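Trainee: First, the structure itself, so that you have it in front of you.
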Amino acid sequence: MEVKMDLVSEDKINSMGSMEKLRFVLDGVKSGNIVVLEGGLTSEEQMKLIELTMAEVNDDFPGIEMNGYPTKRGFLNLRRKTRLTVIGPANTMRTIKKENDLISAIISAT
Amino acid sequence: MKPKKRGKGILLRLVMAFFFRRKTPKIGIYGPPNAGKTTLANRIIHTFMDENEDIGSTSDVPHETRRAVRRSGIMVDLKSKSVQSPDPNHGSDPESKVKGRKERAKGKLKLDVVDTPGLATKIDFHDFMAYGLEEEEAKKRAKEATEGVIEAIKWLDDIDGVVLLMDATEDPYTQTNVIIIGNMEARGTPIIIAANKVDLADAAPERIMNAFPQHLVIPISALKGENMEKLYEEMARRFG
């Protein structure tokens, strides 16, 4: 079985509102896609995504696997810069290694 | 005249106390499932409130806590309370008693403790069936667990400080741990990381220290009561 990957540019993500962004991600993941966001999600958005996901967990959709690099501090430590975030269905994607600058994941579809 | 003056003083203090009273901080115990959150909450209550009172039950099956539970008005008074290890093996050791006196912590803080359900990005009912639960029961538990995660996230809006509990035998660099820390940093909420289960042979609290070097990490065993005085002291210092 094939697995579709959506590689979403930072420009597209930035053009969306916060809720629109999360809906876009979750709809993609629920369709079985792996969604890779250039620029990533903030930790607040990731928390909101967990909340949204939990409301939609059922027998066929156990939830999501999510990974990303921690935010970087910008000028004068004031601005937080988000980095790449990868989100996939929990029954398809499995993280095997995660470090500060390296994420290894296995994607297996049955 | 004197009694009248004293009356005024009391009245003034009451008025001041009414207008300038400090809110009791609500401390959330957060972390992934099976990190030992309820064991820690029970330990705090046993030490400072009532030895026979439990905030919740514990189990090896993940998501045993599926509702956030608050215990109000816990007086963490380290001067009046000895918080030594209850491990009977240490009781007769004179050296440990001396060490215990030296390490006796100082601090006082009244707080509310909120024991929260474990945070997770996935909840699969099949995982519960692996622990021997029937399918119907596993599905019910999974449903309740998802509601528990949502509840734990909602509670973050009302929390004044977080004890983030991690299992020292597990890889700490999970996305849920990163997300909790990121959220607390963004909100400016004080956070203490407790590396739990250090009584186990494969515990490696230094992995947690290396993963989150910007935060204080305190190795503890909530089950055995090891190094709890250090955690209480930091709680009094940071959340008070």
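Every chain in the structure tokens takes a letter, A first, then B, and so on in the order presented; its residues are numbered from 1, and the ligands are numbered from 1 following the presented order.
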Show me, as a list of chain:residue names, the residues that have an atom within 9 Å of Glu144 of chain B when counting only C-alpha atoms, minus same-chain residues fewer than 3 positions from it.
Mentor: B:His63, B:Arg66, B:Arg67, B:Lys139, B:Lys140, B:Arg141, B:Glu147, B:Gly148, B:Val149
Trainee: Go ahead and write the selection's residues with C-alpha atoms as a PDB file, in the first residue's frame.
Mentor:
```pdb
ATOM      1  CA  HIS B  63      -4.320   5.840  31.717  1.00  0.00           C
ATOM      2  CA  ARG B  66      -8.748   9.553  33.455  1.00  0.00           C
ATOM      3  CA  ARG B  67     -10.069  12.572  35.345  1.00  0.00           C
ATOM      4  CA  LYS B 139     -12.796   0.670  24.216  1.00  0.00           C
ATOM      5  CA  LYS B 140     -14.509   2.302  27.190  1.00  0.00           C
ATOM      6  CA  ARG B 141     -11.153   2.971  28.833  1.00  0.00           C
ATOM      7  CA  GLU B 147     -11.448  12.782  27.471  1.00  0.00           C
ATOM      8  CA  GLY B 148      -8.834  12.767  30.232  1.00  0.00           C
ATOM      9  CA  VAL B 149      -6.137  14.113  27.895  1.00  0.00           C
TER      10      VAL B 149
END
```
Trainee: Write out as a list in words every residue belonging to chain A that has an atom at most 6 Å from any atom of chain B, counting only C-alpha atoms.
Mentor: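 Contact residues on the first chain: Ser43, Glu44, Ile50, Glu51, Met54, Pro62, Gly63, Ile64 and Asn67 of chain A.
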Trainee: Write to file, as a PDB file, in the first residue's frame, the residues of the selection just made, with N, CA and C atoms.
Mentor:
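The resulting file, out_3.pdb, is shown below:
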```pdb
ATOM      1  N   SER A  43       4.558  25.249  20.033  1.00  0.00           N
ATOM      2  CA  SER A  43       4.165  24.243  21.038  1.00  0.00           C
ATOM      3  C   SER A  43       2.703  24.437  21.447  1.00  0.00           C
ATOM      4  N   GLU A  44       2.210  25.679  21.407  1.00  0.00           N
ATOM      5  CA  GLU A  44       0.792  25.916  21.734  1.00  0.00           C
ATOM      6  C   GLU A  44      -0.103  25.285  20.660  1.00  0.00           C
ATOM      7  N   ILE A  50      -3.182  18.193  19.691  1.00  0.00           N
ATOM      8  CA  ILE A  50      -3.432  16.984  20.515  1.00  0.00           C
ATOM      9  C   ILE A  50      -4.887  16.997  21.003  1.00  0.00           C
ATOM     10  N   GLU A  51      -5.324  18.174  21.449  1.00  0.00           N
ATOM     11  CA  GLU A  51      -6.692  18.305  21.971  1.00  0.00           C
ATOM     12  C   GLU A  51      -7.712  17.969  20.869  1.00  0.00           C
ATOM     13  N   MET A  54      -7.643  14.185  20.085  1.00  0.00           N
ATOM     14  CA  MET A  54      -8.278  13.349  21.102  1.00  0.00           C
ATOM     15  C   MET A  54      -9.797  13.341  20.948  1.00  0.00           C
ATOM     16  N   PRO A  62      -6.519   5.844  15.899  1.00  0.00           N
ATOM     17  CA  PRO A  62      -6.033   5.868  17.289  1.00  0.00           C
ATOM     18  C   PRO A  62      -5.327   7.168  17.689  1.00  0.00           C
ATOM     19  N   GLY A  63      -5.095   8.028  16.715  1.00  0.00           N
ATOM     20  CA  GLY A  63      -4.421   9.289  17.053  1.00  0.00           C
ATOM     21  C   GLY A  63      -3.273   9.568  16.109  1.00  0.00           C
ATOM     22  N   ILE A  64      -2.377  10.417  16.550  1.00  0.00           N
ATOM     23  CA  ILE A  64      -1.303  10.863  15.655  1.00  0.00           C
ATOM     24  C   ILE A  64       0.070  10.574  16.269  1.00  0.00           C
ATOM     25  N   ASN A  67       6.245  14.787  15.502  1.00  0.00           N
ATOM     26  CA  ASN A  67       7.617  15.087  15.882  1.00  0.00           C
ATOM     27  C   ASN A  67       8.038  16.423  15.312  1.00  0.00           C
TER      28      ASN A  67
END
```
Trainee: Can you pull out the residues contacting Gly40 of chain A? Cut-off 7 Å, using only C-alpha atoms, and skip same-chain residues under 3 positions away; I want them as a PyMOL selection string.
Mentor: chain A and resi 37+82-85
Trainee: Check the smallest atom-to-atom distance from each of B:Gly225, B:Ala138, B:Tyr232, B:Arg207 to Asp59 of chain A using only C-alpha atoms, then report the winner.
Mentor: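 Residue with the minimum atom-to-atom distance to Asp59 of chain A: B:Ala138.
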Trainee: Find the residue from A:Ile96, A:Ala55, A:Ile106, A:Val3 that sits nearest to Val29 of chain A; use only C-alpha atoms when measuring.
Mentor: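 Closest residue, counting only C-alpha atoms: A:Val3.
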Trainee: Residues of chain A classed as strand (DSSP E) by DSSP on the backbone are to be reported as a VMD selection string.
Mentor: chain A and resid 5 to 8 34 to 37 64 to 68 72 to 73 80 to 81 85 to 89 93 to 98 103 to 107
Trainee: Quick one, how far is atom CA of Glu170 of chain B from atom CA of Asn196 of chain B?
Mentor: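 Interatomic distance, atom CA of Glu170 of chain B to atom CA of Asn196 of chain B: 10.1 Å.
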Trainee: Looking at B:Ile45, B:Val114, B:Ile29, B:Leu223, which one is nearest to Ala68 of chain B, with distances taken over only C-alpha atoms?
Mentor: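 Of B:Ile45, B:Val114, B:Ile29, B:Leu223, the one nearest Ala68 of chain B, counting only C-alpha atoms, is B:Val114.
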Trainee: Skipping near chain neighbours, those fewer than 2 positions away, what residues fall within 12 Å of Lys21 of chain A using only C-alpha atoms, listed as a list in words?
Mentor: Val8, Glu10, Asp11, Lys12, Ile13, Asn14, Ser15, Met16, Gly17, Ser18, Met19, Arg23, Phe24, Val25, Leu26, Asp27, Gly28, Val35, Leu37, Gly40, Leu41, Thr42, Glu45, Gln46, Lys48, Leu49 and Leu52 of chain A
Trainee: Take the residues that were just selected and, keeping C-alpha atoms, output them as an mmCIF file, in the first residue's frame.
Mentor:
```cif
data_model
loop_
_atom_site.group_PDB
_atom_site.id
_atom_site.type_symbol
_atom_site.label_atom_id
_atom_site.label_comp_id
_atom_site.auth_asym_id
_atom_site.auth_seq_id
_atom_site.Cartn_x
_atom_site.Cartn_y
_atom_site.Cartn_z
ATOM 1 C CA VAL A 8 3.725 21.943 3.042
ATOM 2 C CA GLU A 10 6.007 27.791 5.209
ATOM 3 C CA ASP A 11 4.235 30.319 2.976
ATOM 4 C CA LYS A 12 1.143 28.136 2.712
ATOM 5 C CA ILE A 13 1.116 27.486 6.452
ATOM 6 C CA ASN A 14 1.534 31.181 7.241
ATOM 7 C CA SER A 15 -1.368 32.075 4.981
ATOM 8 C CA MET A 16 -3.715 30.074 7.209
ATOM 9 C CA GLY A 17 -5.261 30.987 10.526
ATOM 10 C CA SER A 18 -4.332 28.898 13.566
ATOM 11 C CA MET A 19 -7.494 26.756 13.577
ATOM 12 C CA ARG A 23 -7.811 21.392 10.645
ATOM 13 C CA PHE A 24 -5.734 21.124 7.470
ATOM 14 C CA VAL A 25 -3.144 18.968 9.258
ATOM 15 C CA LEU A 26 -5.642 16.722 11.016
ATOM 16 C CA ASP A 27 -7.764 16.173 7.909
ATOM 17 C CA GLY A 28 -4.626 15.196 5.998
ATOM 18 C CA VAL A 35 2.157 15.856 6.704
ATOM 19 C CA LEU A 37 5.329 21.356 7.700
ATOM 20 C CA GLY A 40 6.485 23.824 11.863
ATOM 21 C CA LEU A 41 3.917 24.446 14.580
ATOM 22 C CA THR A 42 4.397 26.296 17.849
ATOM 23 C CA GLU A 45 -0.477 24.833 18.315
ATOM 24 C CA GLN A 46 0.854 21.324 18.896
ATOM 25 C CA LYS A 48 -4.163 22.354 20.502
ATOM 26 C CA LEU A 49 -3.630 19.692 17.830
ATOM 27 C CA LEU A 52 -8.391 18.258 18.552
#
```
Trainee: So that I can check the surroundings of segment 163-165 of chain B, please list as a ChimeraX atom specification every protein, DNA and RNA residue that reaches within 9 Å of it, counting only C-alpha atoms and ignoring chain neighbours fewer than 4 positions away.
Mentor: /B:27-32,35-37,40,177,180-181,190-196,235
Trainee: Could you turn the residues from that selection into a file that holds N, CA and C atoms, as a tab-separated table (two decimals), in the first residue's frame?
Mentor:
```tsv
chain	number	residue	atom	x	y	z
B	27	ILE	N	-0.79	23.59	41.64
B	27	ILE	CA	0.36	22.94	41.02
B	27	ILE	C	-0.11	21.68	40.29
B	28	GLY	N	0.11	21.67	39.00
B	28	GLY	CA	-0.31	20.52	38.20
B	28	GLY	C	0.81	19.51	38.08
B	29	ILE	N	0.47	18.24	38.29
B	29	ILE	CA	1.45	17.18	38.06
B	29	ILE	C	1.15	16.62	36.67
B	30	TYR	N	2.06	16.91	35.76
B	30	TYR	CA	1.87	16.52	34.36
B	30	TYR	C	2.91	15.49	33.94
B	31	GLY	N	2.64	14.85	32.83
B	31	GLY	CA	3.61	13.89	32.31
B	31	GLY	C	2.93	12.85	31.44
B	32	PRO	N	3.71	11.98	30.84
B	32	PRO	CA	3.13	10.91	30.02
B	32	PRO	C	2.44	9.86	30.89
B	35	ALA	N	4.00	7.50	34.24
B	35	ALA	CA	5.23	8.12	34.75
B	35	ALA	C	5.25	8.10	36.28
B	36	GLY	N	4.07	7.91	36.89
B	36	GLY	CA	3.98	7.88	38.35
B	36	GLY	C	3.37	9.15	38.93
B	37	LYS	N	2.52	9.82	38.18
B	37	LYS	CA	1.93	11.10	38.63
B	37	LYS	C	1.05	10.91	39.87
B	40	LEU	N	3.07	10.13	42.92
B	40	LEU	CA	3.67	11.34	43.50
B	40	LEU	C	2.62	12.15	44.26
B	177	ASN	N	6.60	15.58	25.97
B	177	ASN	CA	7.44	16.29	26.95
B	177	ASN	C	7.90	17.64	26.39
B	180	ILE	N	4.90	20.10	26.38
B	180	ILE	CA	4.55	20.63	27.72
B	180	ILE	C	5.55	21.70	28.11
B	181	ILE	N	6.83	21.42	27.95
B	181	ILE	CA	7.86	22.38	28.33
B	181	ILE	C	7.73	23.66	27.50
B	190	PRO	N	6.21	28.58	36.00
B	190	PRO	CA	7.37	27.85	36.52
B	190	PRO	C	7.19	26.33	36.41
B	191	ILE	N	8.31	25.69	36.14
B	191	ILE	CA	8.26	24.24	35.91
B	191	ILE	C	9.44	23.56	36.61
B	192	ILE	N	9.17	22.42	37.21
B	192	ILE	CA	10.22	21.56	37.77
B	192	ILE	C	10.08	20.20	37.09
B	193	ILE	N	11.18	19.69	36.60
B	193	ILE	CA	11.14	18.34	36.03
B	193	ILE	C	11.60	17.35	37.10
B	194	ALA	N	10.79	16.33	37.34
B	194	ALA	CA	11.18	15.29	38.29
B	194	ALA	C	11.42	13.99	37.52
B	195	ALA	N	12.63	13.47	37.65
B	195	ALA	CA	12.99	12.21	37.00
B	195	ALA	C	12.62	11.08	37.96
B	196	ASN	N	11.47	10.46	37.71
B	196	ASN	CA	10.92	9.48	38.65
B	196	ASN	C	11.46	8.06	38.39
B	235	MET	N	9.85	23.03	45.21
B	235	MET	CA	8.45	23.43	45.03
B	235	MET	C	8.15	24.66	45.87
```
Trainee: Can you check which residues of segment 7-222 of chain B DSSP gives as alpha helix (DSSP H) on the backbone and send them as a PyMOL selection string?
Mentor: chain B and resi 7-20+37-48+88-91+94-102+125-129+135-155+175-187+205-211
Trainee: Go ahead and save the residues from that selection, with C-alpha atoms, as a tab-separated table (two decimals), in the first residue's frame.
Mentor:
```tsv
chain	number	residue	atom	x	y	z
B	7	GLY	CA	-9.06	46.26	67.85
B	8	LYS	CA	-8.08	48.72	65.16
B	9	GLY	CA	-4.92	46.75	64.47
B	10	ILE	CA	-6.81	43.53	64.06
B	11	LEU	CA	-9.36	45.22	61.85
B	12	LEU	CA	-6.62	46.73	59.69
B	13	ARG	CA	-4.92	43.35	59.36
B	14	LEU	CA	-8.20	41.71	58.41
B	15	VAL	CA	-8.87	44.39	55.78
B	16	MET	CA	-5.32	44.06	54.45
B	17	ALA	CA	-5.60	40.28	54.42
B	18	PHE	CA	-8.90	40.53	52.54
B	19	PHE	CA	-7.60	42.85	49.83
B	20	PHE	CA	-4.05	41.58	49.55
B	37	LYS	CA	1.93	11.10	38.63
B	38	THR	CA	-0.71	9.67	40.97
B	39	THR	CA	1.97	7.94	43.05
B	40	LEU	CA	3.67	11.34	43.50
B	41	ALA	CA	0.37	13.08	44.35
B	42	ASN	CA	-0.41	10.35	46.90
B	43	ARG	CA	3.10	10.68	48.35
B	44	ILE	CA	2.65	14.45	48.84
B	45	ILE	CA	-0.71	13.95	50.54
B	46	HIS	CA	0.59	11.13	52.75
B	47	THR	CA	3.53	13.28	53.84
B	48	PHE	CA	1.73	16.53	54.57
B	88	PRO	CA	12.91	0.33	56.21
B	89	ASN	CA	16.38	-0.65	54.98
B	90	HIS	CA	17.62	2.84	55.81
B	91	GLY	CA	15.95	3.09	59.18
B	94	PRO	CA	23.03	5.58	61.74
B	95	GLU	CA	24.85	7.20	58.84
B	96	SER	CA	21.62	7.76	56.93
B	97	LYS	CA	20.07	9.36	60.04
B	98	VAL	CA	22.93	11.84	60.25
B	99	LYS	CA	22.63	12.52	56.55
B	100	GLY	CA	18.90	12.97	56.99
B	101	ARG	CA	19.39	15.64	59.67
B	102	LYS	CA	21.85	17.51	57.50
B	125	PHE	CA	-7.84	0.39	22.65
B	126	HIS	CA	-5.79	-2.60	21.44
B	127	ASP	CA	-3.00	-1.50	23.82
B	128	PHE	CA	-5.34	-2.01	26.79
B	129	MET	CA	-6.36	-5.45	25.54
B	135	GLU	CA	-12.57	-5.44	24.05
B	136	GLU	CA	-15.62	-3.59	25.36
B	137	GLU	CA	-13.82	-2.54	28.52
B	138	ALA	CA	-10.72	-1.53	26.53
B	139	LYS	CA	-12.80	0.67	24.22
B	140	LYS	CA	-14.51	2.30	27.19
B	141	ARG	CA	-11.15	2.97	28.83
B	142	ALA	CA	-9.76	4.42	25.58
B	143	LYS	CA	-12.75	6.76	25.26
B	144	GLU	CA	-12.36	7.94	28.85
B	145	ALA	CA	-8.61	8.33	28.36
B	146	THR	CA	-9.10	10.66	25.36
B	147	GLU	CA	-11.45	12.78	27.47
B	148	GLY	CA	-8.83	12.77	30.23
B	149	VAL	CA	-6.14	14.11	27.90
B	150	ILE	CA	-8.43	16.95	26.83
B	151	GLU	CA	-9.20	17.71	30.48
B	152	ALA	CA	-5.50	17.78	31.37
B	153	ILE	CA	-4.84	20.27	28.55
B	154	LYS	CA	-7.76	22.49	29.63
B	155	TRP	CA	-6.38	22.54	33.18
B	175	GLN	CA	7.18	15.15	21.65
B	176	THR	CA	4.65	15.39	24.50
B	177	ASN	CA	7.44	16.29	26.95
B	178	VAL	CA	8.80	18.87	24.49
B	179	ILE	CA	5.29	20.31	23.99
B	180	ILE	CA	4.55	20.63	27.72
B	181	ILE	CA	7.86	22.38	28.33
B	182	GLY	CA	7.35	24.67	25.31
B	183	ASN	CA	3.88	25.62	26.51
B	184	MET	CA	5.04	26.39	30.03
B	185	GLU	CA	7.91	28.51	28.72
B	186	ALA	CA	5.52	30.43	26.45
B	187	ARG	CA	3.13	31.06	29.34
B	205	PRO	CA	18.09	10.54	35.17
B	206	GLU	CA	21.15	12.05	33.45
B	207	ARG	CA	19.44	11.37	30.10
B	208	ILE	CA	16.66	13.74	31.17
B	209	MET	CA	19.22	16.30	32.36
B	210	ASN	CA	20.98	16.11	28.98
B	211	ALA	CA	17.73	16.36	27.03
```
Trainee: I'd like to know which of A:Ala90, A:Met5, A:Val36, A:Ala109 is closest to Thr53 of chain A, using only C-alpha atoms.
Mentor: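 Looking only at the distances to Thr53 of chain A, the closest residue turns out to be A:Ala90.
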Trainee: Have a look at atom CA of Ser31 of chain A and atom CA of Lys97 of chain A and let me know their distance in Å, one decimal.
Mentor: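 These atoms are spaced 24.9 Å apart.
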Trainee: For Thr169 of chain B, work out the shell of residues within 8 Å, counting only C-alpha atoms and skipping chain neighbours fewer than 6 positions away, then give it as a count of residues only.
Mentor: 7
Trainee: At what distance in Å, to one decimal, does atom CA of Lys4 of chain A lie from atom CA of Ala105 of chain A?
Mentor: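 Calculated distance between atom CA of Ala105 of chain A and atom CA of Lys4 of chain A is 15.1 Å.
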